[in-house]
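A.B. asks: Okay, so here is run05.cif, and as you'll see once you scroll down, it has mmCIF, C-alpha atoms.
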```
data_entry
loop_
_atom_site.group_PDB
_atom_site.id
_atom_site.type_symbol
_atom_site.label_atom_id
_atom_site.label_comp_id
_atom_site.auth_asym_id
_atom_site.auth_seq_id
_atom_site.Cartn_x
_atom_site.Cartn_y
_atom_site.Cartn_z
ATOM 1 C CA MET X 1 189.331 286.471 -71.017
ATOM 2 C CA LEU X 2 192.204 284.455 -69.519
ATOM 3 C CA ARG X 3 194.517 287.444 -70.011
ATOM 4 C CA GLY X 4 192.052 289.888 -68.538
ATOM 5 C CA ILE X 5 191.325 291.607 -71.833
ATOM 6 C CA GLU X 6 187.756 292.804 -71.824
ATOM 7 C CA LYS X 7 187.553 294.484 -75.242
ATOM 8 C CA VAL X 8 189.111 293.789 -78.644
ATOM 9 C CA PRO X 9 188.712 296.411 -81.351
ATOM 10 C CA CYS X 10 187.154 294.868 -84.439
ATOM 11 C CA GLU X 11 184.426 295.339 -86.979
ATOM 12 C CA ILE X 12 182.345 292.551 -88.458
ATOM 13 C CA VAL X 13 181.146 293.164 -91.973
ATOM 14 C CA HIS X 14 179.008 290.705 -93.927
ATOM 15 C CA ILE X 15 180.081 290.756 -97.594
ATOM 16 C CA ASP X 16 180.377 288.243 -100.430
ATOM 17 C CA ARG X 17 183.633 286.395 -101.264
ATOM 18 C CA ALA X 18 184.624 288.805 -104.036
ATOM 19 C CA ARG X 19 184.389 291.795 -101.672
ATOM 20 C CA GLN X 20 186.222 289.797 -98.970
ATOM 21 C CA ALA X 21 189.098 289.188 -101.401
ATOM 22 C CA GLU X 22 189.102 292.858 -102.390
ATOM 23 C CA ALA X 23 189.243 293.893 -98.721
ATOM 24 C CA PHE X 24 192.030 291.393 -98.046
ATOM 25 C CA ALA X 25 194.093 292.820 -100.921
ATOM 26 C CA ALA X 26 193.527 296.405 -99.766
ATOM 27 C CA ILE X 27 194.278 295.731 -96.106
ATOM 28 C CA ASN X 28 197.213 293.376 -96.561
ATOM 29 C CA GLY X 29 198.648 295.229 -99.510
ATOM 30 C CA ASN X 30 198.759 298.504 -97.583
ATOM 31 C CA ILE X 31 199.271 297.558 -93.933
ATOM 32 C CA THR X 32 200.718 294.079 -93.512
ATOM 33 C CA ARG X 33 203.660 293.216 -95.724
ATOM 34 C CA VAL X 34 202.598 290.334 -97.976
ATOM 35 C CA SER X 35 204.027 289.172 -101.252
ATOM 36 C CA ALA X 36 202.927 290.637 -104.562
ATOM 37 C CA GLN X 37 201.840 287.130 -105.552
ATOM 38 C CA VAL X 38 199.376 286.885 -102.651
ATOM 39 C CA VAL X 39 197.961 290.342 -103.403
ATOM 40 C CA TYR X 40 197.655 289.429 -107.114
ATOM 41 C CA TYR X 41 195.665 286.269 -106.342
ATOM 42 C CA ALA X 42 193.455 288.163 -103.875
ATOM 43 C CA ARG X 43 192.749 290.839 -106.494
ATOM 44 C CA LEU X 44 192.060 288.158 -109.076
ATOM 45 C CA THR X 45 189.587 286.470 -106.730
ATOM 46 C CA GLY X 46 187.978 289.865 -106.155
ATOM 47 C CA LYS X 47 187.579 290.258 -109.922
ATOM 48 C CA ASP X 48 189.833 293.321 -110.096
ATOM 49 C CA PRO X 49 189.937 294.346 -113.793
ATOM 50 C CA GLU X 50 193.732 294.868 -113.844
ATOM 51 C CA ALA X 51 194.335 291.463 -112.250
ATOM 52 C CA GLU X 52 191.939 289.844 -114.715
ATOM 53 C CA GLU X 53 193.752 291.514 -117.645
ATOM 54 C CA MET X 54 197.074 290.288 -116.275
ATOM 55 C CA ALA X 55 195.643 286.761 -115.923
ATOM 56 C CA ARG X 56 194.573 286.878 -119.587
ATOM 57 C CA VAL X 57 198.052 287.997 -120.671
ATOM 58 C CA LEU X 58 199.753 285.365 -118.508
ATOM 59 C CA SER X 59 197.497 282.634 -119.861
ATOM 60 C CA ALA X 60 198.226 283.641 -123.464
ATOM 61 C CA ALA X 61 201.943 283.365 -122.726
ATOM 62 C CA GLU X 62 201.622 280.142 -120.697
ATOM 63 C CA VAL X 63 202.884 281.846 -117.536
ATOM 64 C CA THR X 64 201.769 281.162 -113.977
ATOM 65 C CA VAL X 65 202.482 283.248 -110.907
ATOM 66 C CA CYS X 66 203.967 281.137 -108.120
ATOM 67 C CA ARG X 67 201.748 281.055 -105.043
ATOM 68 C CA GLY X 68 204.796 280.929 -102.796
ATOM 69 C CA ALA X 69 208.290 282.288 -103.334
ATOM 70 C CA LYS X 70 210.448 279.968 -105.395
ATOM 71 C CA THR X 71 214.129 280.228 -106.177
ATOM 72 C CA LEU X 72 215.195 280.602 -109.791
ATOM 73 C CA ARG X 73 216.698 277.112 -109.663
ATOM 74 C CA THR X 74 213.478 275.434 -108.528
ATOM 75 C CA MET X 75 211.200 277.144 -111.032
ATOM 76 C CA LYS X 76 209.663 275.195 -113.848
ATOM 77 C CA ARG X 77 208.881 276.382 -117.354
ATOM 78 C CA GLY X 78 206.407 279.274 -117.244
ATOM 79 C CA GLU X 79 206.661 280.014 -113.511
ATOM 80 C CA THR X 80 207.446 283.476 -112.151
ATOM 81 C CA ASN X 81 207.552 285.458 -108.924
ATOM 82 C CA ALA X 82 207.780 288.742 -110.871
ATOM 83 C CA VAL X 83 204.097 289.708 -110.796
ATOM 84 C CA GLY X 84 204.945 293.312 -109.860
ATOM 85 C CA ALA X 85 207.345 293.631 -112.786
ATOM 86 C CA ILE X 86 204.796 292.174 -115.203
ATOM 87 C CA SER X 87 202.186 294.651 -113.970
ATOM 88 C CA LYS X 88 204.569 297.558 -114.613
ATOM 89 C CA LEU X 89 205.453 296.183 -118.063
ATOM 90 C CA LEU X 90 201.761 295.909 -118.961
ATOM 91 C CA ASN X 91 201.221 299.542 -118.006
ATOM 92 C CA LYS X 92 204.301 300.680 -119.913
ATOM 93 C CA PHE X 93 204.172 298.527 -123.078
ATOM 94 C CA GLY X 94 200.657 297.066 -123.338
ATOM 95 C CA PRO X 95 199.442 293.477 -123.577
ATOM 96 C CA GLU X 96 200.621 292.637 -127.122
ATOM 97 C CA THR X 97 204.246 293.463 -126.365
ATOM 98 C CA VAL X 98 204.205 291.739 -122.976
ATOM 99 C CA ILE X 99 202.601 288.573 -124.377
ATOM 100 C CA SER X 100 205.199 288.385 -127.165
ATOM 101 C CA ALA X 101 208.076 288.994 -124.750
ATOM 102 C CA LEU X 102 206.847 286.335 -122.324
ATOM 103 C CA GLN X 103 206.312 283.872 -125.177
ATOM 104 C CA CYS X 104 209.889 284.499 -126.330
ATOM 105 C CA ILE X 105 210.924 283.084 -122.976
ATOM 106 C CA THR X 106 208.359 280.367 -122.248
ATOM 107 C CA GLN X 107 207.768 279.008 -125.730
ATOM 108 C CA THR X 108 211.342 278.745 -126.941
ATOM 109 C CA GLY X 109 214.288 276.516 -126.158
ATOM 110 C CA SER X 110 213.542 274.446 -123.084
ATOM 111 C CA GLY X 111 211.053 277.030 -121.828
ATOM 112 C CA ASN X 112 213.897 278.863 -120.072
ATOM 113 C CA PRO X 113 212.902 278.101 -116.455
ATOM 114 C CA GLY X 114 213.919 280.876 -114.060
ATOM 115 C CA PHE X 115 214.190 283.536 -116.761
ATOM 116 C CA LEU X 116 210.758 285.102 -116.245
ATOM 117 C CA ARG X 117 212.282 287.927 -114.234
ATOM 118 C CA ALA X 118 212.338 291.676 -114.661
ATOM 119 C CA MET X 119 215.963 291.796 -115.810
ATOM 120 C CA ILE X 120 215.054 289.624 -118.822
ATOM 121 C CA MET X 121 211.420 290.537 -119.479
ATOM 122 C CA GLU X 122 211.922 294.304 -119.606
ATOM 123 C CA PRO X 123 214.700 294.297 -122.232
ATOM 124 C CA LEU X 124 212.616 291.935 -124.373
ATOM 125 C CA CYS X 125 209.658 294.305 -124.095
ATOM 126 C CA VAL X 126 211.862 297.268 -125.038
ATOM 127 C CA VAL X 127 213.198 295.480 -128.133
ATOM 128 C CA LEU X 128 209.772 294.247 -129.270
ATOM 129 C CA HIS X 129 208.123 297.611 -128.592
ATOM 130 C CA ARG X 130 210.770 299.355 -130.724
ATOM 131 C CA ASN X 131 210.356 296.730 -133.457
ATOM 132 C CA PRO X 132 206.636 296.047 -133.876
ATOM 133 C CA LYS X 133 207.251 294.014 -137.061
ATOM 134 C CA TRP X 134 209.225 291.507 -134.995
ATOM 135 C CA ARG X 135 206.654 291.561 -132.199
ATOM 136 C CA ASP X 136 203.784 290.980 -134.627
ATOM 137 C CA SER X 137 205.493 288.227 -136.625
ATOM 138 C CA GLY X 138 204.065 285.549 -134.294
ATOM 139 C CA GLU X 139 205.389 282.043 -134.938
ATOM 140 C CA ARG X 140 208.315 283.357 -136.944
ATOM 141 C CA LEU X 141 209.572 285.350 -133.957
ATOM 142 C CA LEU X 142 209.285 282.271 -131.745
ATOM 143 C CA ARG X 143 211.118 280.098 -134.298
ATOM 144 C CA GLU X 144 213.977 282.606 -134.415
ATOM 145 C CA MET X 145 214.077 283.045 -130.629
ATOM 146 C CA ASP X 146 214.134 279.264 -130.223
ATOM 147 C CA SER X 147 217.900 279.368 -130.808
ATOM 148 C CA PHE X 148 218.572 282.448 -128.676
ATOM 149 C CA ASP X 149 220.581 281.479 -125.606
ATOM 150 C CA PHE X 150 219.246 283.365 -122.575
ATOM 151 C CA ILE X 151 221.902 281.869 -120.309
ATOM 152 C CA GLU X 152 224.693 283.067 -122.592
ATOM 153 C CA ALA X 153 223.142 286.555 -122.865
ATOM 154 C CA TRP X 154 222.771 286.747 -119.076
ATOM 155 C CA ASP X 155 226.331 285.550 -118.451
ATOM 156 C CA ALA X 156 227.717 288.076 -120.954
ATOM 157 C CA ALA X 157 225.729 290.895 -119.334
ATOM 158 C CA VAL X 158 226.934 290.180 -115.797
ATOM 159 C CA LYS X 159 230.438 288.968 -116.700
ATOM 160 C CA GLU X 160 233.242 290.089 -114.397
ATOM 161 C CA ARG X 161 231.080 292.474 -112.396
ATOM 162 C CA GLN X 162 231.003 292.522 -108.604
ATOM 163 C CA THR X 163 227.679 294.334 -108.624
ATOM 164 C CA VAL X 164 225.355 294.352 -111.558
ATOM 165 C CA PRO X 165 223.491 297.600 -112.139
ATOM 166 C CA SER X 166 220.096 296.558 -113.476
ATOM 167 C CA VAL X 167 219.998 299.287 -116.133
ATOM 168 C CA THR X 168 223.330 298.155 -117.567
ATOM 169 C CA THR X 169 222.326 294.500 -117.513
ATOM 170 C CA GLN X 170 219.004 295.225 -119.185
ATOM 171 C CA MET X 171 220.695 297.364 -121.829
ATOM 172 C CA LEU X 172 223.220 294.624 -122.605
ATOM 173 C CA ILE X 173 220.487 291.988 -122.857
ATOM 174 C CA ALA X 174 218.392 294.274 -125.095
ATOM 175 C CA ASP X 175 221.460 294.798 -127.301
ATOM 176 C CA ALA X 176 222.045 291.029 -127.513
ATOM 177 C CA VAL X 177 218.418 290.341 -128.477
ATOM 178 C CA THR X 178 218.409 293.191 -131.005
ATOM 179 C CA ALA X 179 221.645 292.020 -132.641
ATOM 180 C CA TYR X 180 220.395 288.434 -132.770
ATOM 181 C CA LEU X 181 216.988 289.285 -134.247
ATOM 182 C CA THR X 182 218.460 291.808 -136.679
ATOM 183 C CA THR X 183 220.609 289.032 -138.091
ATOM 184 C CA THR X 184 218.071 286.213 -138.056
ATOM 185 C CA MET X 185 214.996 288.147 -139.150
ATOM 186 C CA SER X 186 216.827 289.922 -142.006
ATOM 187 C CA LYS X 187 218.284 286.631 -143.340
ATOM 188 C CA LYS X 188 214.797 285.267 -143.800
ATOM 189 C CA ASN X 189 213.642 288.486 -145.525
ATOM 190 C CA ALA X 190 216.557 288.342 -147.974
ATOM 191 C CA ALA X 191 215.817 284.731 -148.925
#
```
Could you quickly redo this structure as C-alpha cells?
C.D. replies:
Amino acid sequence: MLRGIEKVPCEIVHIDRARQAEAFAAINGNITRVSAQVVYYARLTGKDPEAEEMARVLSAAEVTVCRGAKTLRTMKRGETNAVGAISKLLNKFGPETVISALQCITQTGSGNPGFLRAMIMEPLCVVLHRNPKWRDSGERLLREMDSFDFIEAWDAAVKERQTVPSVTTQMLIADAVTAYLTTTMSKKNAA
C-alpha cells in the first residue's frame, strides 16, 4: 500500500505439510535456483518415494546430506553435498552397489571425511558393480578397504595435471581400487 501497489498476483491453497513440501520442491527446484540438498529434504518431507529410498540407502551407509554447503575440509565423517550424484548412482547401479560403495568410504580408515563426492563414489560403484562378489562380501570388503588410502589414490589420479578431466580421474581411481582389491581379495582366497 505504501508503494501504491493495489494488486499482488498470488494464489492461496490450503494443503497439508506433505503437499506443501512437495509444492516447495517442485516450485523451487524448477524456477528458483536452490541447492540439491534443499530440494532433497523438501522431497523427503513430502514423502517422495525416490527421496525415501535414498534416505534408506544413506542411513544404511551412515551418510548424511549436509543441510548447507560445506567445504571438503570442514566435512565430518559421513557428510556429503553430493545428493545429485548419489541419486544418479542409485538410478544407474541400484541400492546394493551404492550402499557398498558408500560404506567403503564411511566405514573404513578414519571415515574418509570429504571423500563422499562424485569423483570417488562413481568409480567405487563401477568397480563393485563389475565385481559383485566383492560387493556382496560385506565385512570382508570393508576390512580390506580399511587399508585403502583414498588420499593417495586421489593424489595419484590428479598428479601433475593443470585441469583434471573427471572421466580420467574416475578411471584412474577405479583402476587403483580394482588393483588393490584384486590383490587383497585374492590373497585371502588363496590362504
A.B. asks: For the interface of region 25-128 of chain X with region 135-146 of chain X (cut-off 6 Å, counting all atoms listed in the file), please tabulate each contacting residue of region 25-128 of chain X alongside its nearest pair of atoms and their separation in Å to one decimal, rows sorted by chain and increasing number, as CSV.
C.D. replies:
```
residue,atom,partner,partner_atom,distance
X:Cys104,CA,X:Leu142,CA,5.9
X:Thr108,CA,X:Asp146,CA,4.3
X:Gly109,CA,X:Asp146,CA,4.9
X:Leu128,CA,X:Arg135,CA,5.1
```
A.B. asks: Between CA of Glu52 (chain X) and CA of Lys92 (chain X), what is the spacing in Å?
C.D. replies: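 Distance reported for this atom pair: 17.2 Å.
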A.B. asks: Produce a table with one row for each residue of region 50-124 of chain X that has an atom at most 8 Å from any atom of region 167-181 of chain X, each row naming the nearest atom pair and its distance in Å at one decimal; use all atoms listed in the file; arrange rows by chain and rising residue number; format as CSV.
C.D. replies:
```
residue,atom,partner,partner_atom,distance
X:Met119,CA,X:Gln170,CA,5.7
X:Ile120,CA,X:Gln170,CA,6.9
X:Glu122,CA,X:Gln170,CA,7.2
X:Pro123,CA,X:Ala174,CA,4.7
X:Leu124,CA,X:Ala174,CA,6.3
```
A.B. asks: With all atoms listed in the file as the basis for distance, which of X:Val57, X:Val63, X:Leu90, X:Val126 is at the shortest distance from Gly111 (chain X)?
C.D. replies: X:Val63
A.B. asks: What does the distance from CA of Ala153 (chain X) to CA of Asn91 (chain X) come to in Å, to one decimal?
C.D. replies: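 These atoms are spaced 25.9 Å apart.
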A.B. asks: For CA of Arg17 (chain X) and CA of Gly78 (chain X), determine how far apart the two atoms are, in Å to one decimal place.
C.D. replies: 28.7 Å
A.B. asks: Identify all residues satisfying the PyMOL selection byres ((chain X and resi 37) around 9) in the given file; provide them as a ChimeraX atom specification.
C.D. replies: /X:34-36,38-42,65-69,81-84
A.B. asks: Given the point (190.5, 284.1, -102.5) in the file's coordinates, find the residues that have an atom at most 9 Å from it, counting all atoms listed in the file, and give them as a ChimeraX atom specification.
C.D. replies: /X:17-18,20-22,24,41-46
A.B. asks: When you count all atoms listed in the file, which of these residues is closest to Ser186 (chain X): X:Arg77, X:Lys133, X:Leu72, X:Gln107?
C.D. replies: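 Distance minimum relative to Ser186 (chain X) lands on X:Lys133.
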A.B. asks: Pick from X:Ala23, X:Ala51, X:Ala156, X:Leu89: nearest to Arg117 (chain X), with all atoms listed in the file counted?
C.D. replies: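 Comparing X:Ala23, X:Ala51, X:Ala156, X:Leu89 against Arg117 (chain X), the winner is X:Leu89.
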A.B. asks: Of the candidates X:Thr71, X:Thr97, X:Ser110, X:Gln103, which one gets nearest to Asp149 (chain X) if we count all atoms listed in the file?
C.D. replies: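 Checking each of X:Thr71, X:Thr97, X:Ser110, X:Gln103 against Asp149 (chain X), counting all atoms listed in the file, the winner is X:Ser110.
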A.B. asks: Using the chain letters and numbers from the file, which residues does the PyMOL selection byres ((chain X and resi 113) around 9) grab, as a JSON list (two decimals) with C-alpha atoms, in the frame of the given file?
C.D. replies:
```json
[["chain", "number", "residue", "atom", "x", "y", "z"],
["X", 72, "LEU", "CA", 215.20, 280.60, -109.79],
["X", 73, "ARG", "CA", 216.70, 277.11, -109.66],
["X", 74, "THR", "CA", 213.48, 275.43, -108.53],
["X", 75, "MET", "CA", 211.20, 277.14, -111.03],
["X", 76, "LYS", "CA", 209.66, 275.20, -113.85],
["X", 77, "ARG", "CA", 208.88, 276.38, -117.35],
["X", 78, "GLY", "CA", 206.41, 279.27, -117.24],
["X", 79, "GLU", "CA", 206.66, 280.01, -113.51],
["X", 80, "THR", "CA", 207.45, 283.48, -112.15],
["X", 105, "ILE", "CA", 210.92, 283.08, -122.98],
["X", 106, "THR", "CA", 208.36, 280.37, -122.25],
["X", 110, "SER", "CA", 213.54, 274.45, -123.08],
["X", 111, "GLY", "CA", 211.05, 277.03, -121.83],
["X", 112, "ASN", "CA", 213.90, 278.86, -120.07],
["X", 114, "GLY", "CA", 213.92, 280.88, -114.06],
["X", 115, "PHE", "CA", 214.19, 283.54, -116.76],
["X", 116, "LEU", "CA", 210.76, 285.10, -116.24]]
```
A.B. asks: Just need region 91-142 of chain X in a file, please: C-alpha atoms, as a PDB file, in the first residue's frame.
C.D. replies:
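Output file part-v7.pdb is given in full below:
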```pdb
ATOM      1  CA  ASN X  91      19.458 -44.998 -10.805  1.00  0.00           C
ATOM      2  CA  LYS X  92      22.484 -46.387 -12.629  1.00  0.00           C
ATOM      3  CA  PHE X  93      23.774 -49.056 -10.205  1.00  0.00           C
ATOM      4  CA  GLY X  94      20.991 -49.780  -7.697  1.00  0.00           C
ATOM      5  CA  PRO X  95      20.922 -49.607  -3.905  1.00  0.00           C
ATOM      6  CA  GLU X  96      23.158 -52.606  -3.087  1.00  0.00           C
ATOM      7  CA  THR X  97      26.090 -51.266  -5.085  1.00  0.00           C
ATOM      8  CA  VAL X  98      25.659 -47.704  -3.825  1.00  0.00           C
ATOM      9  CA  ILE X  99      25.411 -48.805  -0.181  1.00  0.00           C
ATOM     10  CA  SER X 100      28.585 -50.898  -0.505  1.00  0.00           C
ATOM     11  CA  ALA X 101      30.460 -48.084  -2.251  1.00  0.00           C
ATOM     12  CA  LEU X 102      29.435 -45.526   0.371  1.00  0.00           C
ATOM     13  CA  GLN X 103      30.355 -47.925   3.180  1.00  0.00           C
ATOM     14  CA  CYS X 104      33.789 -48.392   1.597  1.00  0.00           C
ATOM     15  CA  ILE X 105      34.278 -44.692   2.233  1.00  0.00           C
ATOM     16  CA  THR X 106      32.469 -44.037   5.518  1.00  0.00           C
ATOM     17  CA  GLN X 107      33.193 -47.254   7.373  1.00  0.00           C
ATOM     18  CA  THR X 108      36.885 -47.613   6.637  1.00  0.00           C
ATOM     19  CA  GLY X 109      40.030 -45.829   7.729  1.00  0.00           C
ATOM     20  CA  SER X 110      39.123 -42.655   9.571  1.00  0.00           C
ATOM     21  CA  GLY X 111      35.780 -42.450   7.774  1.00  0.00           C
ATOM     22  CA  ASN X 112      37.455 -40.501   4.959  1.00  0.00           C
ATOM     23  CA  PRO X 113      35.815 -37.099   5.585  1.00  0.00           C
ATOM     24  CA  GLY X 114      35.372 -35.095   2.383  1.00  0.00           C
ATOM     25  CA  PHE X 115      35.580 -38.120   0.090  1.00  0.00           C
ATOM     26  CA  LEU X 116      31.836 -38.637  -0.369  1.00  0.00           C
ATOM     27  CA  ARG X 117      31.948 -36.904  -3.736  1.00  0.00           C
ATOM     28  CA  ALA X 118      31.070 -37.991  -7.241  1.00  0.00           C
ATOM     29  CA  MET X 119      34.689 -38.350  -8.362  1.00  0.00           C
ATOM     30  CA  ILE X 120      35.222 -41.034  -5.692  1.00  0.00           C
ATOM     31  CA  MET X 121      31.774 -42.601  -5.341  1.00  0.00           C
ATOM     32  CA  GLU X 122      31.228 -43.309  -9.037  1.00  0.00           C
ATOM     33  CA  PRO X 123      34.477 -45.242  -9.607  1.00  0.00           C
ATOM     34  CA  LEU X 124      33.751 -47.303  -6.488  1.00  0.00           C
ATOM     35  CA  CYS X 125      30.284 -48.097  -7.828  1.00  0.00           C
ATOM     36  CA  VAL X 126      31.747 -49.082 -11.207  1.00  0.00           C
ATOM     37  CA  VAL X 127      34.274 -51.442  -9.594  1.00  0.00           C
ATOM     38  CA  LEU X 128      31.736 -53.030  -7.232  1.00  0.00           C
ATOM     39  CA  HIS X 129      29.103 -53.346  -9.963  1.00  0.00           C
ATOM     40  CA  ARG X 130      31.618 -55.154 -12.199  1.00  0.00           C
ATOM     41  CA  ASN X 131      32.664 -57.382  -9.289  1.00  0.00           C
ATOM     42  CA  PRO X 132      29.516 -58.445  -7.433  1.00  0.00           C
ATOM     43  CA  LYS X 133      31.467 -60.999  -5.353  1.00  0.00           C
ATOM     44  CA  TRP X 134      33.458 -58.138  -3.837  1.00  0.00           C
ATOM     45  CA  ARG X 135      30.345 -56.007  -3.395  1.00  0.00           C
ATOM     46  CA  ASP X 136      28.473 -58.838  -1.677  1.00  0.00           C
ATOM     47  CA  SER X 137      31.331 -59.889   0.607  1.00  0.00           C
ATOM     48  CA  GLY X 138      30.152 -57.461   3.320  1.00  0.00           C
ATOM     49  CA  GLU X 139      32.514 -57.155   6.284  1.00  0.00           C
ATOM     50  CA  ARG X 140      35.375 -58.703   4.352  1.00  0.00           C
ATOM     51  CA  LEU X 141      35.219 -55.936   1.745  1.00  0.00           C
ATOM     52  CA  LEU X 142      35.238 -53.308   4.492  1.00  0.00           C
TER      53      LEU X 142
END
```
